[in-house]
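Heads up: the structure comes next, in C-alpha coordinates.
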Amino acid sequence: MNGTRHREVGEYLRRLHRSMADLPAERRDEILAEIEEHIAEGLAERATESDVRNVLERLGDPADIAAEARERFGIKPTRRSWTDPAAIILLLIGGFTIIGWFVGVVLLWISDAWNTRDKIIGTLVVPGGLAGALGVGLASSAVQGTSCGPVETTVAPGPCATAPSTDGSVVGLILVVLVVIAPIATAVYLSLRLRQARLASLVEGEEQ
(Lines give C-alpha, C1' and ligand atoms only; values in the text may rest on other atoms or scores of the structure.)
Protein backbone atom coordinates (compact mmCIF):
# COMPACT_ATOMS: atom_id res chain seq x y z
CA MET A 1 0.00 0.00 0.00
CA ASN A 2 1.70 3.22 -1.12
CA GLY A 3 1.79 6.57 0.64
CA THR A 4 -0.84 8.14 -1.61
CA ARG A 5 -3.31 5.39 -0.86
CA HIS A 6 -2.58 5.69 2.85
CA ARG A 7 -3.28 9.41 2.78
CA GLU A 8 -6.47 9.25 0.74
CA VAL A 9 -7.97 6.30 2.58
CA GLY A 10 -6.97 7.74 5.95
CA GLU A 11 -8.48 11.13 5.16
CA TYR A 12 -11.67 9.48 3.88
CA LEU A 13 -12.06 7.46 7.09
CA ARG A 14 -11.33 10.53 9.26
CA ARG A 15 -14.03 12.51 7.44
CA LEU A 16 -16.45 9.64 7.88
CA HIS A 17 -15.64 9.39 11.58
CA ARG A 18 -16.21 13.13 12.08
CA SER A 19 -19.46 13.02 10.13
CA MET A 20 -20.77 10.24 12.39
CA ALA A 21 -19.68 11.83 15.68
CA ASP A 22 -23.28 12.06 16.88
CA LEU A 23 -23.96 8.35 16.32
CA PRO A 24 -23.66 5.84 19.19
CA ALA A 25 -20.09 4.62 19.42
CA GLU A 26 -21.07 1.01 18.75
CA ARG A 27 -22.95 1.90 15.56
CA ARG A 28 -20.18 4.23 14.42
CA ASP A 29 -17.51 1.59 14.87
CA GLU A 30 -19.68 -0.95 13.07
CA ILE A 31 -20.08 1.28 10.01
CA LEU A 32 -16.39 2.21 9.97
CA ALA A 33 -15.47 -1.48 10.08
CA GLU A 34 -17.82 -2.20 7.15
CA ILE A 35 -16.34 0.64 5.09
CA GLU A 36 -12.78 -0.45 5.84
CA GLU A 37 -13.69 -3.98 4.76
CA HIS A 38 -15.14 -2.70 1.47
CA ILE A 39 -11.99 -0.68 0.84
CA ALA A 40 -9.75 -3.66 1.58
CA GLU A 41 -11.77 -5.90 -0.75
CA GLY A 42 -11.78 -3.29 -3.52
CA LEU A 43 -8.02 -2.88 -3.34
CA ALA A 44 -7.12 -6.53 -2.76
CA GLU A 45 -5.79 -7.07 -6.27
CA ARG A 46 -4.66 -3.61 -7.35
CA ALA A 47 -3.73 -0.56 -5.35
CA THR A 48 -2.79 2.20 -7.74
CA GLU A 49 -3.76 5.81 -7.07
CA SER A 50 -6.55 5.53 -9.62
CA ASP A 51 -7.85 2.35 -7.99
CA VAL A 52 -7.99 4.03 -4.59
CA ARG A 53 -9.96 6.98 -5.93
CA ASN A 54 -12.38 4.72 -7.81
CA VAL A 55 -13.09 2.64 -4.71
CA LEU A 56 -13.70 5.73 -2.58
CA GLU A 57 -15.95 7.28 -5.21
CA ARG A 58 -18.04 4.12 -5.37
CA LEU A 59 -18.47 4.17 -1.61
CA GLY A 60 -19.83 7.71 -1.78
CA ASP A 61 -19.32 10.91 0.17
CA PRO A 62 -18.77 10.43 3.93
CA ALA A 63 -21.51 12.98 4.69
CA ASP A 64 -24.00 10.94 2.65
CA ILE A 65 -23.01 7.73 4.44
CA ALA A 66 -23.45 9.47 7.80
CA ALA A 67 -26.85 10.85 6.76
CA GLU A 68 -28.02 7.38 5.70
CA ALA A 69 -26.82 5.96 9.02
CA ARG A 70 -28.78 8.59 10.98
CA GLU A 71 -31.90 7.79 8.98
CA ARG A 72 -31.39 4.05 9.51
CA PHE A 73 -30.99 4.41 13.27
CA GLY A 74 -33.59 7.16 13.66
CA ILE A 75 -31.12 9.87 14.69
CA LYS A 76 -31.99 13.43 13.73
CA PRO A 77 -29.19 15.82 12.73
CA THR A 78 -28.36 18.31 15.45
CA ARG A 79 -29.61 21.87 15.07
CA ARG A 80 -27.50 24.55 16.68
CA SER A 81 -29.36 26.35 19.45
CA TRP A 82 -28.43 28.69 22.30
CA THR A 83 -30.62 26.61 24.60
CA ASP A 84 -28.14 23.73 24.56
CA PRO A 85 -25.30 25.48 26.43
CA ALA A 86 -27.97 27.18 28.57
CA ALA A 87 -29.20 23.74 29.61
CA ILE A 88 -25.70 22.72 30.76
CA ILE A 89 -25.25 25.93 32.77
CA LEU A 90 -28.65 25.64 34.44
CA LEU A 91 -28.11 21.98 35.28
CA LEU A 92 -24.85 22.93 36.99
CA ILE A 93 -25.79 26.11 38.91
CA GLY A 94 -29.50 26.62 38.29
CA GLY A 95 -30.37 24.84 41.52
CA PHE A 96 -29.36 27.93 43.49
CA THR A 97 -32.51 29.62 42.15
CA ILE A 98 -36.04 28.41 42.68
CA ILE A 99 -36.68 26.77 39.30
CA GLY A 100 -33.40 27.16 37.41
CA TRP A 101 -32.38 23.50 37.55
CA PHE A 102 -35.83 22.32 36.45
CA VAL A 103 -35.66 24.66 33.44
CA GLY A 104 -32.28 23.13 32.61
CA VAL A 105 -33.80 19.65 32.71
CA VAL A 106 -36.58 20.71 30.35
CA LEU A 107 -34.09 22.26 27.90
CA LEU A 108 -31.98 19.11 28.08
CA TRP A 109 -34.86 16.79 27.20
CA ILE A 110 -36.30 18.87 24.35
CA SER A 111 -32.88 19.16 22.68
CA ASP A 112 -31.81 16.82 19.89
CA ALA A 113 -28.12 17.31 20.70
CA TRP A 114 -28.06 14.46 23.25
CA ASN A 115 -29.33 10.90 23.20
CA THR A 116 -31.50 9.36 25.91
CA ARG A 117 -28.54 8.05 27.90
CA ASP A 118 -26.96 11.51 27.98
CA LYS A 119 -30.25 13.04 29.18
CA ILE A 120 -30.64 10.49 31.95
CA ILE A 121 -27.09 11.17 33.12
CA GLY A 122 -27.71 14.92 33.07
CA THR A 123 -30.90 14.53 35.06
CA LEU A 124 -30.03 11.92 37.68
CA VAL A 125 -26.37 12.58 38.52
CA VAL A 126 -26.85 14.80 41.59
CA PRO A 127 -30.25 16.42 40.92
CA GLY A 128 -29.97 20.13 41.61
CA GLY A 129 -26.38 20.34 40.38
CA LEU A 130 -23.95 22.10 42.69
CA ALA A 131 -26.84 23.28 44.88
CA GLY A 132 -27.91 19.68 45.36
CA ALA A 133 -24.31 18.72 46.15
CA LEU A 134 -24.13 21.51 48.74
CA GLY A 135 -27.36 20.30 50.30
CA VAL A 136 -26.00 16.77 50.57
CA GLY A 137 -22.81 18.09 52.15
CA LEU A 138 -24.68 20.17 54.76
CA ALA A 139 -26.98 17.24 55.55
CA SER A 140 -24.00 14.95 56.00
CA SER A 141 -22.34 17.44 58.36
CA ALA A 142 -25.55 17.84 60.36
CA VAL A 143 -25.96 14.09 60.75
CA GLN A 144 -22.38 13.72 61.95
CA GLY A 145 -22.83 16.57 64.42
CA THR A 146 -26.01 15.20 66.00
CA SER A 147 -25.55 11.44 65.73
CA CYS A 148 -24.64 10.94 69.39
CA GLY A 149 -27.44 12.99 70.89
CA PRO A 150 -27.22 14.88 74.24
CA VAL A 151 -24.73 13.77 76.87
CA GLU A 152 -25.77 13.63 80.54
CA THR A 153 -23.61 15.91 82.69
CA THR A 154 -24.13 13.90 85.88
CA VAL A 155 -22.28 10.85 84.66
CA ALA A 156 -18.83 10.22 83.36
CA PRO A 157 -18.32 11.22 79.73
CA GLY A 158 -19.05 8.38 77.33
CA PRO A 159 -17.89 7.82 73.76
CA CYS A 160 -20.18 10.57 72.47
CA ALA A 161 -18.42 13.20 74.57
CA THR A 162 -15.09 12.50 72.94
CA ALA A 163 -13.83 14.07 69.74
CA PRO A 164 -15.48 12.93 66.48
CA SER A 165 -13.99 9.88 64.82
CA THR A 166 -11.21 10.75 62.41
CA ASP A 167 -12.25 7.93 60.09
CA GLY A 168 -15.83 9.19 60.03
CA SER A 169 -14.69 12.72 59.22
CA VAL A 170 -12.48 11.52 56.38
CA VAL A 171 -15.27 9.41 54.90
CA GLY A 172 -17.68 12.32 55.17
CA LEU A 173 -15.20 14.66 53.48
CA ILE A 174 -14.62 12.19 50.65
CA LEU A 175 -18.38 11.85 50.18
CA VAL A 176 -18.83 15.61 49.97
CA VAL A 177 -15.98 15.96 47.46
CA LEU A 178 -17.39 13.21 45.26
CA VAL A 179 -20.86 14.71 45.34
CA VAL A 180 -19.46 18.12 44.36
CA ILE A 181 -17.32 16.67 41.57
CA ALA A 182 -20.22 14.66 40.10
CA PRO A 183 -22.26 17.60 38.69
CA ILE A 184 -19.10 19.24 37.35
CA ALA A 185 -18.09 16.01 35.60
CA THR A 186 -21.63 15.71 34.21
CA ALA A 187 -21.46 19.25 32.80
CA VAL A 188 -18.11 18.46 31.16
CA TYR A 189 -19.52 15.23 29.70
CA LEU A 190 -22.60 16.98 28.26
CA SER A 191 -20.37 19.71 26.81
CA LEU A 192 -18.19 17.15 25.04
CA ARG A 193 -21.23 15.33 23.66
CA LEU A 194 -22.68 18.64 22.44
CA ARG A 195 -19.39 19.50 20.75
CA GLN A 196 -19.33 16.13 18.99
CA ALA A 197 -22.89 16.56 17.73
CA ARG A 198 -22.25 20.07 16.45
CA LEU A 199 -18.98 19.04 14.82
CA ALA A 200 -20.78 16.27 12.96
CA SER A 201 -23.45 18.67 11.72
CA LEU A 202 -20.82 21.23 10.71
CA VAL A 203 -18.82 18.68 8.73
CA GLU A 204 -21.95 17.46 6.99
CA GLY A 205 -22.99 21.02 6.12
CA GLU A 206 -19.59 21.89 4.67
CA GLU A 207 -19.46 18.75 2.52
CA GLN A 208 -22.94 19.05 1.05
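Ordering of the C-alpha coordinates sets the chain letters (A, B, ...), residue numbers begin anew at 1 in every chain, and ligands are numbered from 1 in the order given.
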Pick out the residues sitting within 12 Å of A:Phe102, and hand them over as a list in words; count only C-alpha atoms, and ignore anything fewer than 6 positions along from it in its own chain.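 The residues satisfying every condition are Ala87, Ile88, Ile89, Leu90, Leu91, Leu92, Ile93, Gly94, Gly95, Phe96, Leu108, Trp109, Gly122, Thr123, Leu124, Pro127, Gly128 and Gly129 of chain A.
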Could you dump the residues just selected with all heavy atoms as a short mmCIF file (atom, residue, chain, number, x, y, z; two decimals), in the first residue's frame?
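The file below, result12.cif, is the result:
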```cif
data_model
loop_
_atom_site.label_atom_id
_atom_site.label_comp_id
_atom_site.auth_asym_id
_atom_site.auth_seq_id
_atom_site.Cartn_x
_atom_site.Cartn_y
_atom_site.Cartn_z
N ALA A 87 -28.78 24.90 28.84
CA ALA A 87 -29.20 23.74 29.61
C ALA A 87 -28.06 23.25 30.51
O ALA A 87 -28.28 22.92 31.69
CB ALA A 87 -29.65 22.63 28.67
N ILE A 88 -26.85 23.20 29.97
CA ILE A 88 -25.70 22.72 30.76
C ILE A 88 -25.44 23.65 31.94
O ILE A 88 -25.21 23.20 33.07
CB ILE A 88 -24.45 22.62 29.86
CG1 ILE A 88 -24.68 21.61 28.74
CG2 ILE A 88 -23.23 22.24 30.69
CD1 ILE A 88 -23.56 21.54 27.74
N ILE A 89 -25.50 24.96 31.70
CA ILE A 89 -25.25 25.93 32.77
C ILE A 89 -26.30 25.82 33.86
O ILE A 89 -26.00 25.82 35.06
CB ILE A 89 -25.22 27.35 32.19
CG1 ILE A 89 -24.02 27.51 31.25
CG2 ILE A 89 -25.15 28.39 33.31
CD1 ILE A 89 -24.01 28.83 30.50
N LEU A 90 -27.57 25.72 33.46
CA LEU A 90 -28.65 25.64 34.44
C LEU A 90 -28.61 24.33 35.23
O LEU A 90 -28.92 24.30 36.42
CB LEU A 90 -30.00 25.80 33.74
CG LEU A 90 -30.30 27.20 33.20
CD1 LEU A 90 -31.59 27.20 32.39
CD2 LEU A 90 -30.41 28.20 34.36
N LEU A 91 -28.23 23.25 34.56
CA LEU A 91 -28.11 21.98 35.28
C LEU A 91 -27.01 22.05 36.33
O LEU A 91 -27.09 21.40 37.38
CB LEU A 91 -27.82 20.85 34.30
CG LEU A 91 -28.99 20.41 33.41
CD1 LEU A 91 -28.50 19.42 32.36
CD2 LEU A 91 -30.10 19.78 34.24
N LEU A 92 -25.98 22.84 36.06
CA LEU A 92 -24.85 22.93 36.99
C LEU A 92 -25.13 23.88 38.15
O LEU A 92 -24.93 23.52 39.32
CB LEU A 92 -23.60 23.37 36.24
CG LEU A 92 -22.31 23.46 37.06
CD1 LEU A 92 -21.93 22.08 37.62
CD2 LEU A 92 -21.17 24.01 36.22
N ILE A 93 -25.64 25.10 37.85
CA ILE A 93 -25.79 26.11 38.91
C ILE A 93 -27.22 26.61 39.07
O ILE A 93 -27.50 27.42 39.94
CB ILE A 93 -24.87 27.31 38.64
CG1 ILE A 93 -25.25 28.01 37.33
CG2 ILE A 93 -23.41 26.88 38.62
CD1 ILE A 93 -24.44 29.28 37.07
N GLY A 94 -28.13 26.13 38.22
CA GLY A 94 -29.50 26.62 38.29
C GLY A 94 -30.23 26.26 39.57
O GLY A 94 -31.23 26.88 39.93
N GLY A 95 -29.72 25.25 40.28
CA GLY A 95 -30.37 24.84 41.52
C GLY A 95 -30.30 25.87 42.62
O GLY A 95 -31.05 25.78 43.60
N PHE A 96 -29.44 26.88 42.48
CA PHE A 96 -29.36 27.93 43.49
C PHE A 96 -30.53 28.91 43.38
O PHE A 96 -30.73 29.72 44.27
CB PHE A 96 -28.03 28.69 43.35
CG PHE A 96 -26.84 27.88 43.76
CD1 PHE A 96 -25.99 27.35 42.80
CD2 PHE A 96 -26.58 27.61 45.08
CE1 PHE A 96 -24.88 26.60 43.17
CE2 PHE A 96 -25.49 26.85 45.47
CZ PHE A 96 -24.63 26.35 44.50
N LEU A 108 -32.77 20.30 28.41
CA LEU A 108 -31.98 19.11 28.08
C LEU A 108 -32.83 18.09 27.32
O LEU A 108 -32.39 17.55 26.29
CB LEU A 108 -31.44 18.48 29.37
CG LEU A 108 -30.69 17.16 29.25
CD1 LEU A 108 -29.34 17.37 28.58
CD2 LEU A 108 -30.51 16.51 30.63
N TRP A 109 -34.04 17.85 27.79
CA TRP A 109 -34.86 16.79 27.20
C TRP A 109 -35.52 17.18 25.89
O TRP A 109 -35.87 16.30 25.09
CB TRP A 109 -35.92 16.33 28.22
CG TRP A 109 -35.33 15.40 29.23
CD1 TRP A 109 -34.78 15.73 30.43
CD2 TRP A 109 -35.19 13.99 29.11
NE1 TRP A 109 -34.30 14.61 31.07
CE2 TRP A 109 -34.55 13.53 30.29
CE3 TRP A 109 -35.55 13.06 28.15
CZ2 TRP A 109 -34.25 12.18 30.51
CZ3 TRP A 109 -35.26 11.71 28.36
CH2 TRP A 109 -34.62 11.29 29.53
N GLY A 122 -27.59 13.51 32.70
CA GLY A 122 -27.71 14.92 33.07
C GLY A 122 -28.77 15.18 34.11
O GLY A 122 -28.68 16.13 34.90
N THR A 123 -29.79 14.33 34.13
CA THR A 123 -30.90 14.53 35.06
C THR A 123 -30.65 13.90 36.42
O THR A 123 -30.95 14.48 37.47
CB THR A 123 -32.20 13.95 34.48
OG1 THR A 123 -32.44 14.55 33.20
CG2 THR A 123 -33.38 14.23 35.40
N LEU A 124 -30.09 12.70 36.44
CA LEU A 124 -30.03 11.92 37.68
C LEU A 124 -28.72 12.01 38.44
O LEU A 124 -28.67 11.63 39.61
CB LEU A 124 -30.33 10.44 37.36
CG LEU A 124 -31.73 10.16 36.78
CD1 LEU A 124 -31.92 8.68 36.59
CD2 LEU A 124 -32.81 10.74 37.68
N PRO A 127 -29.18 15.45 41.25
CA PRO A 127 -30.25 16.42 40.92
C PRO A 127 -30.05 17.72 41.69
O PRO A 127 -29.74 17.72 42.87
CB PRO A 127 -31.52 15.68 41.38
CG PRO A 127 -31.17 14.23 41.30
CD PRO A 127 -29.72 14.15 41.70
N GLY A 128 -30.22 18.83 41.00
CA GLY A 128 -29.97 20.13 41.61
C GLY A 128 -28.59 20.67 41.34
O GLY A 128 -28.29 21.81 41.68
N GLY A 129 -27.72 19.87 40.71
CA GLY A 129 -26.38 20.34 40.38
C GLY A 129 -25.55 20.64 41.61
O GLY A 129 -25.60 19.93 42.62
#
```
Using DSSP on the backbone, list every residue of stretch 35-90 of chain A that comes out as helix (DSSP H, G or I), and give them as a PyMOL selection string. chain A and resi 35-42+49-59+62-73+83-90
Long-range neighbours of stretch 68-77 of chain A as JSON, numbers by chain, 12 Å cut-off, only C-alpha atoms, 5 positions minimum in chain: {"A": [16, 17, 19, 20, 21, 22, 23, 24, 26, 27, 28, 29, 30, 31, 32, 60, 61, 62, 63, 111, 112, 113, 114, 115, 116, 196, 197, 198, 199, 200, 201, 202, 203, 204, 205]}
Find the residue from A:Val9, A:Leu175, A:Ala86, A:Val106 that sits nearest to A:Ala139; use only C-alpha atoms when measuring.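 Between A:Val9, A:Leu175, A:Ala86, A:Val106, the residue approaching A:Ala139 most closely is A:Leu175.
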For a test of reading the model, state the distance in Å between atom CA of A:Ile181 and atom CA of A:Leu138, rounded to one decimal.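 Computing it gives 15.5 Å between the two atoms.
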Provide the atom CA of A:Ala185 to atom CA of A:Ala133 distance in Å, to one decimal place.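 Between atom CA of A:Ala185 and atom CA of A:Ala133 the gap works out to 12.5 Å.
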What separation in Å, quoted to one decimal, exists between atom CA of A:Gly132 and atom CA of A:Trp82? 24.8 Å
Between A:Leu194, A:Ser50, A:Glu57, A:Ile184, which has the minimum distance to A:Thr83 (counting only C-alpha atoms)?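 Closest residue, counting only C-alpha atoms: A:Leu194.
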Which residues, written as a PyMOL selection string, have at least one atom at most 9 Å from A:Ala182, with only C-alpha atoms counted and residues fewer than 5 positions away on the same chain left out? chain A and resi 125-126+129-130+133+177+187
